[in-house]
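Enquirer: The structure that follows is given in the form of structure tokens.
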Amino acid sequence: MNSRQNAQTAALEALIEAHATELKLPTVKARFRQMAAEATREQQTPVAYLAALLEAEMHERAERRERRRLIDARFPLLKRLEEFRFADNPKIPQATIAALAEGSWIDDRDSIVLVGDSGTGKTHLAIGLAVCACQQGRRVRFTTLAGLANELQEADSRRELGRVVGRYSRTEVVVLDLCRYRDYADTVVAAGLNAVRCLGFPAVAPDSLSA
């Protein structure tokens, strides 16, 4: 390639970078040279090259969105269902958990209550199901019953209750951890449960709401 061709190529690459920046296509900007070289080696058609480049952009964009949803969910720890040891908890029906992971209960606006002794994996399962919801593109939030009650009470005292309730109303799944009555004063429990009923969101509660 002569100097004139090099200059033309550099100008075109600079133009692609500028357009990719303007169009907010960071993967195209970062990978178009590498993928063009691969396309040349593999004798791909221009259409095949363009399709692969756009597919890479879409894939990485989906991954970024999933990472953002996981951050926004505020999980204390990231737990996945595939990491759960069903062999150590034979009373937990793996097929049922797998069916719940598909998320139809969210579309039906149902809730899940996980009841069991301490250390049986309720929180792990709850977070795992919520992570599946994140992967399906759903907005998720993790909190505790007391945390939810306190957040709403504090927002009310600051006259920001409408804003906070509005944020929760846009949340598709809420994980409510530590829901045992005996853990809190009656006023906190009442406030938390009332909030759950009023907001009406699908929830995963890894404990009993009534014992």
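Within each chain, counting starts at residue 1; across the structure tokens, chains are named A, B, ... in the order shown, with ligands numbered 1 upward in that order.
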Name the residues of segment 10-163 of chain A that fall into strand (DSSP E) according to DSSP on the backbone, using the chain letters and numbers of this document, as a CSV table (one decimal) with N, CA, C and O atoms, in the first residue's frame.
Expert:
```csv
chain,number,residue,atom,x,y,z
A,112,ILE,N,-43.1,-14.5,45.6
A,112,ILE,CA,-42.5,-15.7,46.1
A,112,ILE,C,-42.1,-15.5,47.5
A,112,ILE,O,-41.4,-14.5,47.8
A,113,VAL,N,-42.5,-16.4,48.4
A,113,VAL,CA,-42.0,-16.4,49.8
A,113,VAL,C,-41.2,-17.7,50.0
A,113,VAL,O,-41.8,-18.8,49.9
A,140,VAL,N,-34.6,-4.6,39.0
A,140,VAL,CA,-34.6,-5.3,40.2
A,140,VAL,C,-34.1,-4.5,41.4
A,140,VAL,O,-33.2,-3.7,41.1
A,141,ARG,N,-34.5,-4.7,42.6
A,141,ARG,CA,-34.0,-4.0,43.7
A,141,ARG,C,-34.0,-4.9,44.9
A,141,ARG,O,-34.9,-5.6,45.2
A,142,PHE,N,-32.8,-5.0,45.6
A,142,PHE,CA,-32.7,-5.8,46.8
A,142,PHE,C,-32.7,-4.8,48.0
A,142,PHE,O,-32.1,-3.8,48.0
A,143,THR,N,-33.5,-5.2,49.0
A,143,THR,CA,-33.5,-4.5,50.3
A,143,THR,C,-34.0,-5.4,51.4
A,143,THR,O,-34.2,-6.6,51.1
A,144,THR,N,-34.1,-4.9,52.6
A,144,THR,CA,-34.7,-5.7,53.7
A,144,THR,C,-36.1,-5.1,54.0
A,144,THR,O,-36.4,-4.0,53.6
```
Enquirer: Pick out the residues sitting within 10 Å of segment 70-83 of chain A, and hand them over as a PyMOL selection string; count only C-alpha atoms, and ignore anything fewer than 5 positions along from it in its own chain.
Expert: chain A and resi 64-65+94+97-98+101+123-135+139-143+171+173-175
Enquirer: May I ask for the distance between atom CA of Thr40 of chain A and atom CA of Thr9 of chain A, given in Å to one decimal place?
Expert: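 Those two atoms sit 14.7 Å apart.
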Enquirer: Enumerate as number ranges by chain all residues of segment 4-202 of chain A assigned to alpha helix (DSSP H) by DSSP on the backbone, naming them with the chain letters and numbers the document uses.
Expert: A: 4-22, 26-41, 46-73, 94-101, 104-107, 122-135, 145-157, 161-169, 186-199
Enquirer: What is the atom CA of Glu102 of chain A to atom CA of Lys122 of chain A distance in Å?
Expert: 18.1 Å
Enquirer: Need to verify the contact set: Phe32 of chain A, 9 Å, only C-alpha atoms, exclusion of same-chain residues closer than 2 positions in sequence. Can you return it as a ChimeraX atom specification?
Expert: /A:13,16-17,27-30,34-37,53
